[in-house]
Amino acid sequence: MRRWWKWAVYIGGMSVFAGSASFTVYCAWKVYMYHQPEEKPAIADRKKAYHFVLVPEELDNDYWRLVEKGAKAAAKEMGVRLEYIGPRQANIEEHVKILEKAAASKVDGIMTQGLTEQQFTPIINRIVEKNIPVITIDTDAPTSRRTAYIGTDNYYAGFIAGRALVEDTGGNANVAIITGSFEASHQQLRVKGFQDAAKHEKGIHIIAIEESDITRVQAAEKAYKILKEHPEVNAFYGTSALDAIGIAKVIEQFHRERETYVIGFDTLPETIHYLEKGTIEATVVQEPYEMGYRAVKMMVDIIEGNHVPSINNTETRVIRKQDLPLRPARNYEVRHD
Ligand code: BGC
């Protein structure tokens with residue numbers, strides 16, 4: 001009996017000891033793990049599931065192809081799946097429908113323009129309500145619930161275009177404006193900035209303003225029409241990437257005998273060609289590649305809870321023939337070409 005009791009005490013003691021020992025080891029392990037940085041999977045593994053959609057104003061537009069190129073480079077780096085889908089020809093209704101479809105297919109992030117407040121703010125808000133973050137690119141929708149904007153400050157870009165024209169023409173010109181679209185807010189801002197920059201100049205007269213539907217063909221048609229209706233016009237301002245190219249074609253074909261000043265937007269190869277020849281005097285530089293590249297990186301940051309500023313303006317400036325050759329568009333392009 002006594003012996004049995006001794007064994008019982010012994011076994012009991014041993015289990016209490018083993019229990020507290022394992023509890024101590026468990027606690028020590030917990031404390032150790034608490035101080036260890038959380039292990040994160042490799043970048044490619046972490047991002048592989050992300051699926052982003054980039055919706056441009058016009059699928060095959062050379063300017064948007066540069067945005068796509070930048071976005072693809074960043075997507076490749078981050079292991080993100082990027083889809084580039086948009087209207088074949090600029091068309092707001094179709095653009096909005098494509099956004100609706102992208103939202104219905106439950107993607108992780110959408111990048112697009114905010115072309116008009118009336119049509120784009122509601123669709124952007126509906127997408128955000130589905131917990132899909134939206135970044136506006138190239139054209140902002142400031143009253144929408146988009147998380148961030150990346151692109152040119154379009155009013156400022158129009159303003160510097162206006163100052164350049166004033167400077168280059170000595171403050172004397174009869175100007176015609178050809179704008180991509182009367183409805184699109186970035187085009188309106190580029191016109192407004194230009195008008196404000198010239199409004200105190202007594203020798204600058206804005207004679208006509210026409211719309212090109214962002215095509216070079218319509219820009220050319222409108223330039224031709226303006227020159228016929230207003231022969232006093234001796235300066236043109238084109239506010240979207242293909243406008244000055246269309247204007248330059250008309251100037252070269254039908255208007256060679258008169259000095260006509262042309263200032264445009266962007267640095268597509270055709271624009272640079274006309275700048276070299278002197279048919280276009282100046283152009284406003286934008287950074288479409290950088291917009292696409294940074295938009296993808298920003299979207300990953302947004303999803304992962306990192307802070308992203310709401311307005312991210314890319315660089316813009318006016319260049320003339322003497323500024324050529326153009327330096328490559330940021331280091332990104334050099335690295336990923
Ligand atoms: C604008 C784009 C537009 C393109 C049209 C660019 O200057 O920033 O929004 O789609 O021109 O060619």
# chains A, B, ... in the order shown; residues from 1 in each chain; ligands from 1
$ residues_near_ligand --ligand "ligand 1" --cutoff "10 Å" --atoms "only C-alpha atoms and all ligand atoms" --output "ChimeraX atom specification"
/A:56-64,67,90,113-115,137-139,151-152,154,179-181,184-187,190,212-216,238-243,264-268,284-288
$ residues_around --residues "stretch 171-177 of chain A" --least-positions-apart "6" --cutoff "8 Å" --atoms "only C-alpha atoms" --output "PyMOL selection string"
chain A and resi 165+191+201-210+226+232-239
$ write_last_selection --atoms "N, CA, C and O atoms" --output "short mmCIF file (atom, residue, chain, number, x, y, z; two decimals), in the first residue's frame"
data_model
loop_
_atom_site.label_atom_id
_atom_site.label_comp_id
_atom_site.auth_asym_id
_atom_site.auth_seq_id
_atom_site.Cartn_x
_atom_site.Cartn_y
_atom_site.Cartn_z
N LEU A 165 3.45 79.36 -77.44
CA LEU A 165 2.97 80.00 -78.68
C LEU A 165 3.16 81.51 -78.61
O LEU A 165 3.62 82.13 -79.58
N VAL A 191 -7.39 73.07 -73.49
CA VAL A 191 -7.85 74.27 -74.20
C VAL A 191 -7.93 75.43 -73.21
O VAL A 191 -7.46 76.54 -73.49
N GLU A 201 -2.92 88.69 -73.90
CA GLU A 201 -2.09 89.06 -75.04
C GLU A 201 -2.97 89.71 -76.11
O GLU A 201 -3.82 89.04 -76.71
N LYS A 202 -2.76 90.97 -76.34
CA LYS A 202 -3.63 91.72 -77.28
C LYS A 202 -3.49 91.23 -78.72
O LYS A 202 -4.42 91.31 -79.51
N GLY A 203 -2.30 90.71 -79.04
CA GLY A 203 -2.06 90.30 -80.42
C GLY A 203 -2.45 88.85 -80.70
O GLY A 203 -2.29 88.37 -81.83
N ILE A 204 -2.95 88.13 -79.72
CA ILE A 204 -3.32 86.72 -79.95
C ILE A 204 -4.85 86.63 -80.07
O ILE A 204 -5.58 87.02 -79.15
N HIS A 205 -5.29 86.10 -81.19
CA HIS A 205 -6.74 85.96 -81.41
C HIS A 205 -7.05 84.50 -81.69
O HIS A 205 -6.46 83.92 -82.60
N ILE A 206 -7.97 83.95 -80.90
CA ILE A 206 -8.37 82.56 -81.18
C ILE A 206 -9.57 82.63 -82.13
O ILE A 206 -10.65 83.08 -81.77
N ILE A 207 -9.34 82.19 -83.34
CA ILE A 207 -10.30 82.37 -84.43
C ILE A 207 -11.29 81.21 -84.53
O ILE A 207 -12.47 81.41 -84.79
N ALA A 208 -10.80 79.98 -84.36
CA ALA A 208 -11.69 78.83 -84.55
C ALA A 208 -11.25 77.68 -83.65
O ALA A 208 -10.08 77.59 -83.27
N ILE A 209 -12.22 76.83 -83.33
CA ILE A 209 -11.88 75.62 -82.58
C ILE A 209 -12.71 74.46 -83.12
O ILE A 209 -13.93 74.57 -83.25
N GLU A 210 -12.03 73.40 -83.47
CA GLU A 210 -12.70 72.24 -84.08
C GLU A 210 -12.25 70.97 -83.36
O GLU A 210 -11.25 70.96 -82.65
N ILE A 226 -10.59 74.93 -91.81
CA ILE A 226 -10.28 76.20 -91.12
C ILE A 226 -9.52 77.13 -92.06
O ILE A 226 -9.83 78.32 -92.18
N GLU A 232 -6.96 84.01 -92.58
CA GLU A 232 -6.08 84.80 -91.71
C GLU A 232 -5.39 83.94 -90.64
O GLU A 232 -4.45 84.41 -89.97
N VAL A 233 -5.84 82.70 -90.48
CA VAL A 233 -5.21 81.84 -89.45
C VAL A 233 -3.75 81.57 -89.81
O VAL A 233 -3.45 81.14 -90.92
N ASN A 234 -2.87 81.86 -88.86
CA ASN A 234 -1.44 81.58 -89.13
C ASN A 234 -0.77 80.82 -87.98
O ASN A 234 0.45 80.78 -87.87
N ALA A 235 -1.61 80.21 -87.11
CA ALA A 235 -1.05 79.37 -86.04
C ALA A 235 -2.08 78.31 -85.66
O ALA A 235 -3.29 78.58 -85.65
N PHE A 236 -1.57 77.11 -85.37
CA PHE A 236 -2.46 76.02 -84.95
C PHE A 236 -1.97 75.45 -83.63
O PHE A 236 -0.76 75.35 -83.38
N TYR A 237 -2.94 75.03 -82.84
CA TYR A 237 -2.62 74.32 -81.59
C TYR A 237 -3.43 73.03 -81.61
O TYR A 237 -4.67 73.05 -81.69
N GLY A 238 -2.75 71.88 -81.57
CA GLY A 238 -3.42 70.57 -81.55
C GLY A 238 -3.31 69.98 -80.16
O GLY A 238 -2.21 69.86 -79.63
N THR A 239 -4.44 69.59 -79.57
CA THR A 239 -4.39 69.20 -78.14
C THR A 239 -4.34 67.70 -77.86
O THR A 239 -4.32 67.31 -76.71
#
$ select_by_dssp --residues "stretch 155-285 of chain A" --states "strand (DSSP E or B)" --output "NGL selection string"
:A and (173-179 or 204-211 or 235-238 or 261-265 or 282-285)
$ closest_residue --among "A:Glu100, A:Asp301, A:Glu270, A:Glu77" --to "A:Asn125" --atoms "only C-alpha atoms"
A:Glu100
$ select_by_dssp --residues "stretch 69-139 of chain A" --states "helix (DSSP H, G or I)" --output "JSON list (two decimals) with N, CA, C and O atoms, in the first residue's frame"
[["chain", "number", "residue", "atom", "x", "y", "z"],
["A", 69, "LYS", "N", 2.73, 49.55, -73.11],
["A", 69, "LYS", "CA", 4.10, 49.02, -73.04],
["A", 69, "LYS", "C", 4.68, 49.20, -71.62],
["A", 69, "LYS", "O", 5.28, 48.28, -71.06],
["A", 70, "GLY", "N", 4.48, 50.39, -71.08],
["A", 70, "GLY", "CA", 4.96, 50.66, -69.72],
["A", 70, "GLY", "C", 4.26, 49.77, -68.71],
["A", 70, "GLY", "O", 4.89, 49.20, -67.81],
["A", 71, "ALA", "N", 2.95, 49.62, -68.87],
["A", 71, "ALA", "CA", 2.17, 48.80, -67.93],
["A", 71, "ALA", "C", 2.62, 47.34, -68.01],
["A", 71, "ALA", "O", 2.75, 46.65, -66.99],
["A", 72, "LYS", "N", 2.87, 46.87, -69.22],
["A", 72, "LYS", "CA", 3.30, 45.47, -69.40],
["A", 72, "LYS", "C", 4.65, 45.22, -68.76],
["A", 72, "LYS", "O", 4.89, 44.16, -68.18],
["A", 73, "ALA", "N", 5.54, 46.22, -68.89],
["A", 73, "ALA", "CA", 6.88, 46.06, -68.30],
["A", 73, "ALA", "C", 6.76, 45.91, -66.78],
["A", 73, "ALA", "O", 7.39, 45.03, -66.18],
["A", 74, "ALA", "N", 5.93, 46.75, -66.17],
["A", 74, "ALA", "CA", 5.77, 46.67, -64.72],
["A", 74, "ALA", "C", 5.07, 45.37, -64.33],
["A", 74, "ALA", "O", 5.43, 44.72, -63.33],
["A", 75, "ALA", "N", 4.08, 44.96, -65.13],
["A", 75, "ALA", "CA", 3.33, 43.73, -64.83],
["A", 75, "ALA", "C", 4.27, 42.52, -64.86],
["A", 75, "ALA", "O", 4.21, 41.64, -64.00],
["A", 76, "LYS", "N", 5.18, 42.53, -65.83],
["A", 76, "LYS", "CA", 6.13, 41.43, -65.94],
["A", 76, "LYS", "C", 7.02, 41.39, -64.71],
["A", 76, "LYS", "O", 7.24, 40.32, -64.12],
["A", 77, "GLU", "N", 7.48, 42.57, -64.31],
["A", 77, "GLU", "CA", 8.35, 42.66, -63.13],
["A", 77, "GLU", "C", 7.65, 42.18, -61.87],
["A", 77, "GLU", "O", 8.26, 41.57, -61.01],
["A", 78, "MET", "N", 6.36, 42.48, -61.76],
["A", 78, "MET", "CA", 5.63, 42.19, -60.52],
["A", 78, "MET", "C", 4.91, 40.84, -60.57],
["A", 78, "MET", "O", 4.23, 40.48, -59.61],
["A", 92, "ILE", "N", -17.13, 56.79, -76.09],
["A", 92, "ILE", "CA", -17.37, 56.78, -74.64],
["A", 92, "ILE", "C", -18.31, 55.66, -74.20],
["A", 92, "ILE", "O", -18.06, 54.97, -73.22],
["A", 93, "GLU", "N", -19.41, 55.44, -74.96],
["A", 93, "GLU", "CA", -20.37, 54.40, -74.55],
["A", 93, "GLU", "C", -19.69, 53.04, -74.51],
["A", 93, "GLU", "O", -19.87, 52.26, -73.58],
["A", 94, "GLU", "N", -18.91, 52.77, -75.55],
["A", 94, "GLU", "CA", -18.23, 51.47, -75.61],
["A", 94, "GLU", "C", -17.20, 51.35, -74.48],
["A", 94, "GLU", "O", -17.07, 50.29, -73.86],
["A", 95, "HIS", "N", -16.52, 52.44, -74.22],
["A", 95, "HIS", "CA", -15.52, 52.49, -73.15],
["A", 95, "HIS", "C", -16.17, 52.11, -71.81],
["A", 95, "HIS", "O", -15.67, 51.26, -71.07],
["A", 96, "VAL", "N", -17.34, 52.72, -71.55],
["A", 96, "VAL", "CA", -18.04, 52.46, -70.29],
["A", 96, "VAL", "C", -18.49, 50.99, -70.23],
["A", 96, "VAL", "O", -18.37, 50.33, -69.19],
["A", 97, "LYS", "N", -18.98, 50.45, -71.37],
["A", 97, "LYS", "CA", -19.42, 49.05, -71.40],
["A", 97, "LYS", "C", -18.26, 48.11, -71.07],
["A", 97, "LYS", "O", -18.41, 47.12, -70.35],
["A", 98, "ILE", "N", -17.09, 48.42, -71.62],
["A", 98, "ILE", "CA", -15.92, 47.57, -71.36],
["A", 98, "ILE", "C", -15.56, 47.61, -69.87],
["A", 98, "ILE", "O", -15.22, 46.59, -69.27],
["A", 99, "LEU", "N", -15.71, 48.78, -69.28],
["A", 99, "LEU", "CA", -15.44, 48.89, -67.84],
["A", 99, "LEU", "C", -16.44, 48.04, -67.04],
["A", 99, "LEU", "O", -16.07, 47.36, -66.08],
["A", 100, "GLU", "N", -17.72, 48.09, -67.45],
["A", 100, "GLU", "CA", -18.75, 47.29, -66.76],
["A", 100, "GLU", "C", -18.38, 45.81, -66.82],
["A", 100, "GLU", "O", -18.47, 45.10, -65.82],
["A", 101, "LYS", "N", -17.96, 45.37, -68.00],
["A", 101, "LYS", "CA", -17.62, 43.94, -68.19],
["A", 101, "LYS", "C", -16.44, 43.55, -67.32],
["A", 101, "LYS", "O", -16.43, 42.50, -66.71],
["A", 102, "ALA", "N", -15.41, 44.42, -67.31],
["A", 102, "ALA", "CA", -14.22, 44.12, -66.51],
["A", 102, "ALA", "C", -14.60, 43.99, -65.04],
["A", 102, "ALA", "O", -14.14, 43.09, -64.34],
["A", 103, "ALA", "N", -15.49, 44.87, -64.59],
["A", 103, "ALA", "CA", -15.90, 44.84, -63.17],
["A", 103, "ALA", "C", -16.67, 43.55, -62.89],
["A", 103, "ALA", "O", -16.51, 42.94, -61.83],
["A", 104, "ALA", "N", -17.51, 43.11, -63.86],
["A", 104, "ALA", "CA", -18.30, 41.90, -63.65],
["A", 104, "ALA", "C", -17.41, 40.67, -63.59],
["A", 104, "ALA", "O", -17.74, 39.68, -62.93],
["A", 117, "GLU", "N", -17.16, 63.59, -66.54],
["A", 117, "GLU", "CA", -17.64, 63.36, -65.17],
["A", 117, "GLU", "C", -18.97, 62.61, -65.20],
["A", 117, "GLU", "O", -19.20, 61.67, -64.45],
["A", 118, "GLN", "N", -19.84, 63.04, -66.13],
["A", 118, "GLN", "CA", -21.18, 62.47, -66.18],
["A", 118, "GLN", "C", -21.18, 60.96, -66.42],
["A", 118, "GLN", "O", -21.91, 60.22, -65.77],
["A", 119, "GLN", "N", -20.35, 60.48, -67.36],
["A", 119, "GLN", "CA", -20.38, 59.05, -67.64],
["A", 119, "GLN", "C", -19.39, 58.25, -66.82],
["A", 119, "GLN", "O", -19.64, 57.10, -66.50],
["A", 120, "PHE", "N", -18.26, 58.84, -66.46],
["A", 120, "PHE", "CA", -17.21, 58.04, -65.83],
["A", 120, "PHE", "C", -17.28, 57.99, -64.31],
["A", 120, "PHE", "O", -16.94, 56.97, -63.72],
["A", 121, "THR", "N", -17.73, 59.07, -63.69],
["A", 121, "THR", "CA", -17.79, 59.04, -62.22],
["A", 121, "THR", "C", -18.74, 57.94, -61.73],
["A", 121, "THR", "O", -18.35, 57.15, -60.87],
["A", 122, "PRO", "N", -19.95, 57.81, -62.29],
["A", 122, "PRO", "CA", -20.83, 56.73, -61.79],
["A", 122, "PRO", "C", -20.25, 55.33, -62.00],
["A", 122, "PRO", "O", -20.32, 54.50, -61.09],
["A", 123, "ILE", "N", -19.67, 55.05, -63.16],
["A", 123, "ILE", "CA", -19.16, 53.69, -63.39],
["A", 123, "ILE", "C", -17.95, 53.42, -62.48],
["A", 123, "ILE", "O", -17.82, 52.34, -61.91],
["A", 124, "ILE", "N", -17.10, 54.43, -62.32],
["A", 124, "ILE", "CA", -15.95, 54.22, -61.42],
["A", 124, "ILE", "C", -16.46, 53.94, -60.00],
["A", 124, "ILE", "O", -15.99, 53.01, -59.33],
["A", 125, "ASN", "N", -17.46, 54.68, -59.57],
["A", 125, "ASN", "CA", -17.98, 54.45, -58.22],
["A", 125, "ASN", "C", -18.61, 53.07, -58.07],
["A", 125, "ASN", "O", -18.43, 52.41, -57.04],
["A", 126, "ARG", "N", -19.29, 52.61, -59.12],
["A", 126, "ARG", "CA", -19.89, 51.26, -59.05],
["A", 126, "ARG", "C", -18.79, 50.20, -58.94],
["A", 126, "ARG", "O", -18.93, 49.23, -58.22],
["A", 127, "ILE", "N", -17.70, 50.41, -59.66],
["A", 127, "ILE", "CA", -16.59, 49.44, -59.61],
["A", 127, "ILE", "C", -15.99, 49.43, -58.21],
["A", 127, "ILE", "O", -15.75, 48.37, -57.63],
["A", 128, "VAL", "N", -15.79, 50.62, -57.64],
["A", 128, "VAL", "CA", -15.19, 50.71, -56.30],
["A", 128, "VAL", "C", -16.11, 50.06, -55.25],
["A", 128, "VAL", "O", -15.63, 49.41, -54.32],
["A", 129, "GLU", "N", -17.43, 50.20, -55.45],
["A", 129, "GLU", "CA", -18.37, 49.55, -54.52],
["A", 129, "GLU", "C", -18.21, 48.03, -54.52],
["A", 129, "GLU", "O", -18.53, 47.37, -53.55]]
$ closest_residue --among "A:Ile251, A:Ala157, A:Asn131, A:Ala164" --to "A:Lys222" --atoms "only C-alpha atoms"
A:Ile251
$ closest_residue --among "A:Ala49, A:Leu66, A:Ala197, A:Ile110" --to "A:Val296" --atoms "only C-alpha atoms"
A:Ile110
$ closest_residue --among "A:Ile263, A:Ala282, A:Ile160, A:Leu227" --to "A:Thr316" --atoms "only C-alpha atoms"
A:Ile160
$ closest_residue --among "A:Gly158, A:Gly305, A:Gly292, A:Gly278" --to "A:Thr112" --atoms "only C-alpha atoms"
A:Gly292
$ atom_distance --atom1 "atom CA of A:Thr279" --atom2 "atom CA of A:Tyr261"
7.8 Å
$ residues_around --residues "A:Phe159" --least-positions-apart "6" --cutoff "7 Å" --atoms "only C-alpha atoms" --output "MDAnalysis selection string"
chainID A and resid 193:194 196:197
$ write_last_selection --atoms "all heavy atoms" --output "CSV table (one decimal), in the first residue's frame"
chain,number,residue,atom,x,y,z
A,193,GLY,N,-6.4,75.9,-70.3
A,193,GLY,CA,-5.0,76.4,-69.9
A,193,GLY,C,-4.4,77.3,-71.0
A,193,GLY,O,-3.8,78.3,-70.7
A,194,PHE,N,-4.6,76.8,-72.2
A,194,PHE,CA,-4.0,77.6,-73.4
A,194,PHE,C,-4.7,79.0,-73.5
A,194,PHE,O,-4.0,80.0,-73.6
A,194,PHE,CB,-4.3,76.8,-74.7
A,194,PHE,CG,-3.8,77.4,-75.9
A,194,PHE,CD1,-2.5,77.1,-76.3
A,194,PHE,CD2,-4.6,78.3,-76.7
A,194,PHE,CE1,-2.0,77.7,-77.5
A,194,PHE,CE2,-4.1,78.8,-77.8
A,194,PHE,CZ,-2.8,78.5,-78.2
A,196,ASP,N,-6.2,80.7,-71.1
A,196,ASP,CA,-5.8,81.5,-70.0
A,196,ASP,C,-4.4,82.1,-70.2
A,196,ASP,O,-4.1,83.2,-69.8
A,196,ASP,CB,-5.8,80.7,-68.7
A,196,ASP,CG,-7.3,80.5,-68.2
A,196,ASP,OD1,-8.2,81.1,-68.9
A,196,ASP,OD2,-7.5,79.7,-67.3
A,197,ALA,N,-3.5,81.3,-70.8
A,197,ALA,CA,-2.1,81.7,-71.0
A,197,ALA,C,-2.0,82.9,-72.0
A,197,ALA,O,-1.1,83.7,-72.0
A,197,ALA,CB,-1.2,80.6,-71.4
$ closest_residue --among "A:Arg258, A:His307, A:Lys228, A:Lys192" --to "A:Tyr155" --atoms "only C-alpha atoms"
A:Lys192
$ decode --residues "stretch 117-130 of chain A" --atoms "N, CA, C and O atoms" --output "CSV table (one decimal), in the first residue's frame"
chain,number,residue,atom,x,y,z
A,117,GLU,N,-17.2,63.6,-66.5
A,117,GLU,CA,-17.6,63.4,-65.2
A,117,GLU,C,-19.0,62.6,-65.2
A,117,GLU,O,-19.2,61.7,-64.4
A,118,GLN,N,-19.8,63.0,-66.1
A,118,GLN,CA,-21.2,62.5,-66.2
A,118,GLN,C,-21.2,61.0,-66.4
A,118,GLN,O,-21.9,60.2,-65.8
A,119,GLN,N,-20.4,60.5,-67.4
A,119,GLN,CA,-20.4,59.0,-67.6
A,119,GLN,C,-19.4,58.2,-66.8
A,119,GLN,O,-19.6,57.1,-66.5
A,120,PHE,N,-18.3,58.8,-66.5
A,120,PHE,CA,-17.2,58.0,-65.8
A,120,PHE,C,-17.3,58.0,-64.3
A,120,PHE,O,-16.9,57.0,-63.7
A,121,THR,N,-17.7,59.1,-63.7
A,121,THR,CA,-17.8,59.0,-62.2
A,121,THR,C,-18.7,57.9,-61.7
A,121,THR,O,-18.4,57.1,-60.9
A,122,PRO,N,-20.0,57.8,-62.3
A,122,PRO,CA,-20.8,56.7,-61.8
A,122,PRO,C,-20.3,55.3,-62.0
A,122,PRO,O,-20.3,54.5,-61.1
A,123,ILE,N,-19.7,55.0,-63.2
A,123,ILE,CA,-19.2,53.7,-63.4
A,123,ILE,C,-18.0,53.4,-62.5
A,123,ILE,O,-17.8,52.3,-61.9
A,124,ILE,N,-17.1,54.4,-62.3
A,124,ILE,CA,-15.9,54.2,-61.4
A,124,ILE,C,-16.5,53.9,-60.0
A,124,ILE,O,-16.0,53.0,-59.3
A,125,ASN,N,-17.5,54.7,-59.6
A,125,ASN,CA,-18.0,54.5,-58.2
A,125,ASN,C,-18.6,53.1,-58.1
A,125,ASN,O,-18.4,52.4,-57.0
A,126,ARG,N,-19.3,52.6,-59.1
A,126,ARG,CA,-19.9,51.3,-59.1
A,126,ARG,C,-18.8,50.2,-58.9
A,126,ARG,O,-18.9,49.2,-58.2
A,127,ILE,N,-17.7,50.4,-59.7
A,127,ILE,CA,-16.6,49.4,-59.6
A,127,ILE,C,-16.0,49.4,-58.2
A,127,ILE,O,-15.7,48.4,-57.6
A,128,VAL,N,-15.8,50.6,-57.6
A,128,VAL,CA,-15.2,50.7,-56.3
A,128,VAL,C,-16.1,50.1,-55.3
A,128,VAL,O,-15.6,49.4,-54.3
A,129,GLU,N,-17.4,50.2,-55.4
A,129,GLU,CA,-18.4,49.6,-54.5
A,129,GLU,C,-18.2,48.0,-54.5
A,129,GLU,O,-18.5,47.4,-53.6
A,130,LYS,N,-17.7,47.5,-55.6
A,130,LYS,CA,-17.5,46.0,-55.7
A,130,LYS,C,-16.1,45.7,-55.1
A,130,LYS,O,-15.6,44.6,-55.4
